[in-house]
>>> print(open('start15.csv').read())   # CSV, C-alpha atoms
chain,number,residue,atom,x,y,z
A,1,MET,CA,143.7,141.2,22.0
A,2,SER,CA,146.0,143.6,23.8
A,3,VAL,CA,145.1,147.2,24.6
A,4,THR,CA,147.7,148.4,22.1
A,5,ALA,CA,146.4,146.1,19.4
A,6,MET,CA,142.9,147.3,20.1
A,7,ALA,CA,144.0,150.9,19.6
A,8,ASP,CA,145.6,149.9,16.2
A,9,ALA,CA,142.5,148.3,15.1
A,10,GLY,CA,140.7,151.6,15.3
A,11,ASN,CA,137.1,151.8,14.1
A,12,ASP,CA,137.2,148.2,12.8
A,13,LEU,CA,136.2,147.1,16.3
A,14,LEU,CA,132.9,149.0,15.9
A,15,ILE,CA,131.8,146.9,12.9
A,16,VAL,CA,129.9,143.7,13.7
A,17,PRO,CA,130.6,141.0,11.1
A,18,PRO,CA,127.8,140.8,8.5
A,19,ASN,CA,124.9,138.5,9.5
A,20,PHE,CA,126.8,137.4,12.7
A,21,ILE,CA,124.0,138.4,15.1
A,22,GLU,CA,121.2,136.9,12.9
A,23,ARG,CA,123.1,133.6,12.4
A,24,ALA,CA,124.0,133.3,16.1
A,25,ARG,CA,120.4,134.2,17.2
A,26,ASN,CA,118.9,131.7,14.8
A,27,ARG,CA,121.3,129.0,16.0
A,28,ILE,CA,120.5,129.7,19.7
A,29,PHE,CA,116.8,129.7,19.0
A,30,GLN,CA,117.0,126.5,17.1
A,31,GLU,CA,118.8,124.8,20.0
A,32,LEU,CA,116.4,126.4,22.5
A,33,SER,CA,113.4,125.0,20.6
A,34,ALA,CA,114.9,121.5,20.5
A,35,ASP,CA,115.6,121.7,24.3
A,36,ALA,CA,112.1,123.0,24.9
A,37,GLU,CA,110.6,120.0,23.1
A,38,ASP,CA,112.8,117.6,25.1
A,39,TRP,CA,111.8,119.4,28.3
A,40,ALA,CA,108.1,119.0,27.5
A,41,LYS,CA,108.5,115.3,26.9
A,42,ILE,CA,110.3,114.8,30.3
A,43,ALA,CA,107.7,117.0,32.0
A,44,GLY,CA,104.9,114.8,30.7
A,45,GLN,CA,106.5,111.6,32.0
A,46,VAL,CA,107.4,113.1,35.4
A,47,GLY,CA,103.8,114.5,35.7
A,48,LEU,CA,102.3,111.1,35.0
A,49,TYR,CA,104.6,109.2,37.4
A,50,PRO,CA,102.5,109.7,40.5
A,51,TRP,CA,99.4,108.3,38.9
A,52,THR,CA,101.0,104.9,38.9
A,53,HIS,CA,103.3,105.2,41.9
A,54,PHE,CA,101.9,107.5,44.5
A,55,LEU,CA,98.3,106.3,45.0
A,56,GLU,CA,99.0,103.6,47.6
A,57,ASN,CA,101.4,104.6,50.4
A,58,PRO,CA,104.1,106.3,48.4
A,59,LYS,CA,107.7,106.1,49.8
A,60,PRO,CA,108.9,109.4,51.3
A,61,GLU,CA,112.1,109.1,49.2
A,62,ASP,CA,110.1,108.8,46.0
A,63,LEU,CA,108.0,111.8,46.9
A,64,ARG,CA,111.1,113.8,47.7
A,65,LYS,CA,112.7,112.9,44.4
A,66,HIS,CA,109.6,113.6,42.5
A,67,LYS,CA,109.1,117.0,44.1
A,68,ALA,CA,112.8,118.0,43.5
A,69,THR,CA,112.5,116.9,39.8
A,70,LEU,CA,109.4,119.0,39.3
A,71,GLU,CA,111.1,122.0,40.9
A,72,THR,CA,114.1,121.5,38.6
A,73,LEU,CA,111.9,121.3,35.6
A,74,ILE,CA,109.9,124.4,36.6
A,75,ALA,CA,113.2,126.4,37.1
A,76,PHE,CA,114.4,125.4,33.7
A,77,GLY,CA,110.9,126.1,32.3
A,78,GLU,CA,111.1,129.7,33.7
A,79,LEU,CA,114.4,130.1,31.8
A,80,LEU,CA,112.8,128.8,28.6
A,81,HIS,CA,109.8,131.0,29.2
A,82,SER,CA,111.9,134.2,29.6
A,83,ALA,CA,113.8,133.4,26.3
A,84,THR,CA,110.8,132.3,24.2
A,85,SER,CA,108.8,135.3,25.4
A,86,SER,CA,111.2,137.6,23.7
A,87,PRO,CA,109.8,139.4,20.6
A,88,ALA,CA,112.9,138.2,18.7
A,89,PHE,CA,111.8,134.6,19.2
A,90,ARG,CA,109.6,134.0,16.2
A,91,ASP,CA,108.3,130.4,16.8
A,92,LYS,CA,105.1,131.4,18.6
A,93,GLU,CA,103.9,127.8,18.7
A,94,ILE,CA,106.9,126.8,20.8
A,95,ALA,CA,106.5,129.9,23.0
A,96,ALA,CA,102.9,129.0,23.7
A,97,GLY,CA,103.8,125.4,24.4
A,98,VAL,CA,106.4,126.5,26.9
A,99,THR,CA,103.9,128.7,28.7
A,100,ALA,CA,101.3,125.8,28.8
A,101,THR,CA,103.8,123.2,29.9
A,102,LEU,CA,105.1,125.4,32.7
A,103,ARG,CA,101.5,125.9,33.9
A,104,LEU,CA,101.0,122.2,33.9
A,105,LEU,CA,104.2,121.5,35.9
A,106,LYS,CA,103.1,124.0,38.6
A,107,ASP,CA,99.7,122.2,38.8
A,108,ASP,CA,101.6,118.9,39.1
A,109,LEU,CA,103.6,120.3,42.0
A,110,ALA,CA,100.5,121.6,43.8
A,111,LEU,CA,98.6,118.4,43.2
A,112,TRP,CA,101.1,116.0,44.6
A,113,HIS,CA,103.2,118.1,47.0
A,114,GLY,CA,101.0,120.9,48.2
A,115,ASN,CA,100.4,121.0,51.9
A,116,ASP,CA,97.9,123.7,52.5
A,117,LEU,CA,94.9,121.4,53.1
A,118,THR,CA,94.3,118.8,55.7
A,119,ASP,CA,92.5,115.6,54.5
A,120,VAL,CA,89.3,116.9,56.1
A,121,GLN,CA,89.6,120.2,54.3
A,122,ALA,CA,90.4,118.6,51.0
A,123,GLU,CA,87.4,116.3,51.4
A,124,ALA,CA,85.1,119.2,52.2
A,125,LEU,CA,86.4,121.1,49.2
A,126,MET,CA,85.8,118.2,46.8
A,127,GLN,CA,82.3,117.5,48.3
A,128,LYS,CA,81.4,121.2,47.7
A,129,CYS,CA,82.7,121.3,44.1
A,130,PHE,CA,82.1,117.7,43.0
A,131,PRO,CA,79.3,116.2,45.1
A,132,GLU,CA,79.1,112.4,44.7
B,1,MET,CA,82.7,109.4,40.6
B,2,ASN,CA,81.3,112.9,39.9
B,3,PRO,CA,81.3,113.3,36.0
B,4,GLU,CA,82.7,116.9,36.1
B,5,LEU,CA,85.6,115.8,38.3
B,6,GLU,CA,86.2,112.8,36.1
B,7,ALA,CA,86.3,115.0,33.0
B,8,LEU,CA,88.7,117.4,34.7
B,9,ILE,CA,91.1,114.6,35.8
B,10,LYS,CA,91.0,113.0,32.3
B,11,ALA,CA,91.8,116.4,30.7
B,12,PHE,CA,94.6,116.9,33.2
B,13,ILE,CA,96.1,113.5,32.4
B,14,ALA,CA,95.7,114.0,28.7
B,15,ALA,CA,97.7,117.2,29.0
B,16,HIS,CA,100.7,115.2,29.9
B,17,GLU,CA,101.2,113.9,26.3
B,18,GLY,CA,104.6,115.6,26.2
B,19,ASP,CA,104.1,117.2,22.7
B,20,LEU,CA,105.1,120.8,23.2
B,21,ARG,CA,103.4,122.0,20.0
B,22,ARG,CA,100.1,120.4,21.0
B,23,GLN,CA,100.4,121.6,24.6
B,24,PRO,CA,98.3,124.7,24.3
B,25,VAL,CA,95.4,122.8,22.7
B,26,LEU,CA,95.6,120.0,25.3
B,27,MET,CA,95.8,122.6,28.1
B,28,SER,CA,92.8,124.6,26.8
B,29,ARG,CA,90.4,121.8,27.5
B,30,TYR,CA,91.8,121.3,31.0
B,31,GLU,CA,92.0,125.0,31.7
B,32,ALA,CA,88.3,125.5,30.7
B,33,LEU,CA,87.2,122.7,33.1
B,34,MET,CA,89.5,124.1,35.9
B,35,GLU,CA,88.1,127.6,35.5
B,36,ALA,CA,84.6,126.3,35.7
B,37,ALA,CA,85.4,124.3,38.9
B,38,LEU,CA,87.2,127.3,40.5
B,39,LYS,CA,84.1,129.4,40.0
B,40,THR,CA,82.2,127.1,42.4
B,41,THR,CA,84.7,127.9,45.2
B,42,PRO,CA,85.3,131.7,45.3
B,43,GLY,CA,88.3,132.6,47.4
B,44,VAL,CA,90.0,129.2,46.9
B,45,SER,CA,93.2,129.6,44.9
B,46,ARG,CA,94.0,127.3,42.0
B,47,GLU,CA,97.0,125.8,43.9
B,48,VAL,CA,94.9,124.9,46.9
B,49,PHE,CA,92.0,123.6,44.8
B,50,THR,CA,94.5,121.4,42.9
B,51,GLN,CA,95.6,119.9,46.1
B,52,GLY,CA,92.0,118.8,46.8
B,53,ILE,CA,92.0,116.8,43.6
B,54,ARG,CA,94.7,114.6,45.1
B,55,ARG,CA,92.0,113.4,47.5
B,56,ARG,CA,90.2,111.9,44.5
B,57,ALA,CA,93.1,110.5,42.5
B,58,ARG,CA,92.9,107.0,43.8
B,59,ALA,CA,89.2,106.8,43.3
B,60,PHE,CA,89.6,108.0,39.8
B,61,VAL,CA,92.2,105.4,38.9
B,62,LYS,CA,90.1,102.7,40.6
B,63,ALA,CA,87.0,103.7,38.6
B,64,GLN,CA,89.0,103.7,35.3
B,65,SER,CA,90.3,100.2,36.0
B,66,HIS,CA,86.7,98.9,36.6
B,67,PRO,CA,84.7,99.6,33.4
B,68,PRO,CA,81.0,99.5,33.7
B,69,ILE,CA,79.4,96.1,33.2
B,70,LEU,CA,76.8,97.5,30.8
B,71,PRO,CA,78.0,98.8,27.5
B,72,PRO,CA,77.4,102.5,26.8
>>> encode(input="start15.csv", output="structure tokens")
Amino acid sequence: MSVTAMADAGNDLLIVPPNFIERARNRIFQELSADAEDWAKIAGQVGLYPWTHFLENPKPEDLRKHKATLETLIAFGELLHSATSSPAFRDKEIAAGVTATLRLLKDDLALWHGNDLTDVQAEALMQKCFPE
Amino acid sequence: MNPELEALIKAFIAAHEGDLRRQPVLMSRYEALMEAALKTTPGVSREVFTQGIRRRARAFVKAQSHPPILPP
């Protein structure tokens, strides 16, 4: 719309079409919920992958790809979390699921790709907490 | 394998079911075990502690693939 046309429209521009915001918000939140459910399925599969592939001499390339995939899923999860944490997002079950899945993904990242402990330190920690 | 660690790893793996709506319930079991474990190591962050579990992953899988000879 040109500036001239906008001037002609006058106060009509200040009126939001009836139900527009609610319909748009509901549509966005429906898609968001569906995407969150798909994201959680993928997160579950990616999180389980190392249990069958990383126990015996994992390939560096596989480790690199897995770490990058987790980081991508976490970044998307942060986006989902900020949207589903909004008071306007009414499906609290989905919101809680996003928070829990994000927590799990961060633990997956620490478990398989954290580098703060040497083998000796990790062994000492496990012996202290879970003596054999 | 230490039974508390075995329970923690089982709960962690179970939390990977991928059902978003069940995730809080699945996580609550794992979180409770994780919190209990973290209390035994004051000053160790959850992230660092989780790395330690990697040290036992292979032993866990091996133990699961060799069920006890005697029935429970």
>>> residues_near_point(input="start15.csv", point="(90.9, 116.7, 47.5)", cutoff="6 Å", atoms="all atoms listed in the file", output="list in words")
Ala122, Glu123 and Met126 of chain A; Gln51, Gly52, Ile53, Arg54, Arg55 and Arg56 of chain B
>>> atom_distance(input="start15.csv", atom1="atom CA of Leu109 of chain A", atom2="atom CA of Ile9 of chain B")
15.1 Å
>>> atom_distance(input="start15.csv", atom1="atom CA of Thr50 of chain B", atom2="atom CA of Asn115 of chain A")
10.8 Å
>>> closest_residue(input="start15.csv", among="A:Asp62, A:Thr118, A:Leu102, A:Glu132", to="Leu79 of chain A", atoms="only C-alpha atoms")
A:Leu102
>>> interface_residues(input="start15.csv", of="chain A", to="chain B", cutoff="10 Å", atoms="only C-alpha atoms", output="mmCIF file with C-alpha atoms, keeping the file's coordinate frame")
data_model
loop_
_atom_site.group_PDB
_atom_site.id
_atom_site.type_symbol
_atom_site.label_atom_id
_atom_site.label_comp_id
_atom_site.auth_asym_id
_atom_site.auth_seq_id
_atom_site.Cartn_x
_atom_site.Cartn_y
_atom_site.Cartn_z
ATOM 1 C CA SER A 33 113.400 125.000 20.600
ATOM 2 C CA ALA A 36 112.100 123.000 24.900
ATOM 3 C CA GLU A 37 110.600 120.000 23.100
ATOM 4 C CA ASP A 38 112.800 117.600 25.100
ATOM 5 C CA TRP A 39 111.800 119.400 28.300
ATOM 6 C CA ALA A 40 108.100 119.000 27.500
ATOM 7 C CA LYS A 41 108.500 115.300 26.900
ATOM 8 C CA ILE A 42 110.300 114.800 30.300
ATOM 9 C CA ALA A 43 107.700 117.000 32.000
ATOM 10 C CA GLY A 44 104.900 114.800 30.700
ATOM 11 C CA GLN A 45 106.500 111.600 32.000
ATOM 12 C CA VAL A 46 107.400 113.100 35.400
ATOM 13 C CA GLY A 47 103.800 114.500 35.700
ATOM 14 C CA LEU A 48 102.300 111.100 35.000
ATOM 15 C CA PRO A 50 102.500 109.700 40.500
ATOM 16 C CA TRP A 51 99.400 108.300 38.900
ATOM 17 C CA THR A 52 101.000 104.900 38.900
ATOM 18 C CA PHE A 54 101.900 107.500 44.500
ATOM 19 C CA LEU A 55 98.300 106.300 45.000
ATOM 20 C CA GLU A 56 99.000 103.600 47.600
ATOM 21 C CA LYS A 92 105.100 131.400 18.600
ATOM 22 C CA GLU A 93 103.900 127.800 18.700
ATOM 23 C CA ILE A 94 106.900 126.800 20.800
ATOM 24 C CA ALA A 95 106.500 129.900 23.000
ATOM 25 C CA ALA A 96 102.900 129.000 23.700
ATOM 26 C CA GLY A 97 103.800 125.400 24.400
ATOM 27 C CA VAL A 98 106.400 126.500 26.900
ATOM 28 C CA THR A 99 103.900 128.700 28.700
ATOM 29 C CA ALA A 100 101.300 125.800 28.800
ATOM 30 C CA THR A 101 103.800 123.200 29.900
ATOM 31 C CA ARG A 103 101.500 125.900 33.900
ATOM 32 C CA LEU A 104 101.000 122.200 33.900
ATOM 33 C CA LEU A 105 104.200 121.500 35.900
ATOM 34 C CA LYS A 106 103.100 124.000 38.600
ATOM 35 C CA ASP A 107 99.700 122.200 38.800
ATOM 36 C CA ASP A 108 101.600 118.900 39.100
ATOM 37 C CA LEU A 109 103.600 120.300 42.000
ATOM 38 C CA ALA A 110 100.500 121.600 43.800
ATOM 39 C CA LEU A 111 98.600 118.400 43.200
ATOM 40 C CA TRP A 112 101.100 116.000 44.600
ATOM 41 C CA HIS A 113 103.200 118.100 47.000
ATOM 42 C CA GLY A 114 101.000 120.900 48.200
ATOM 43 C CA ASN A 115 100.400 121.000 51.900
ATOM 44 C CA ASP A 116 97.900 123.700 52.500
ATOM 45 C CA LEU A 117 94.900 121.400 53.100
ATOM 46 C CA THR A 118 94.300 118.800 55.700
ATOM 47 C CA ASP A 119 92.500 115.600 54.500
ATOM 48 C CA VAL A 120 89.300 116.900 56.100
ATOM 49 C CA GLN A 121 89.600 120.200 54.300
ATOM 50 C CA ALA A 122 90.400 118.600 51.000
ATOM 51 C CA GLU A 123 87.400 116.300 51.400
ATOM 52 C CA ALA A 124 85.100 119.200 52.200
ATOM 53 C CA LEU A 125 86.400 121.100 49.200
ATOM 54 C CA MET A 126 85.800 118.200 46.800
ATOM 55 C CA GLN A 127 82.300 117.500 48.300
ATOM 56 C CA LYS A 128 81.400 121.200 47.700
ATOM 57 C CA CYS A 129 82.700 121.300 44.100
ATOM 58 C CA PHE A 130 82.100 117.700 43.000
ATOM 59 C CA PRO A 131 79.300 116.200 45.100
ATOM 60 C CA GLU A 132 79.100 112.400 44.700
#
>>> atom_distance(input="start15.csv", atom1="atom CA of Ala24 of chain A", atom2="atom CA of Ser85 of chain A")
17.9 Å
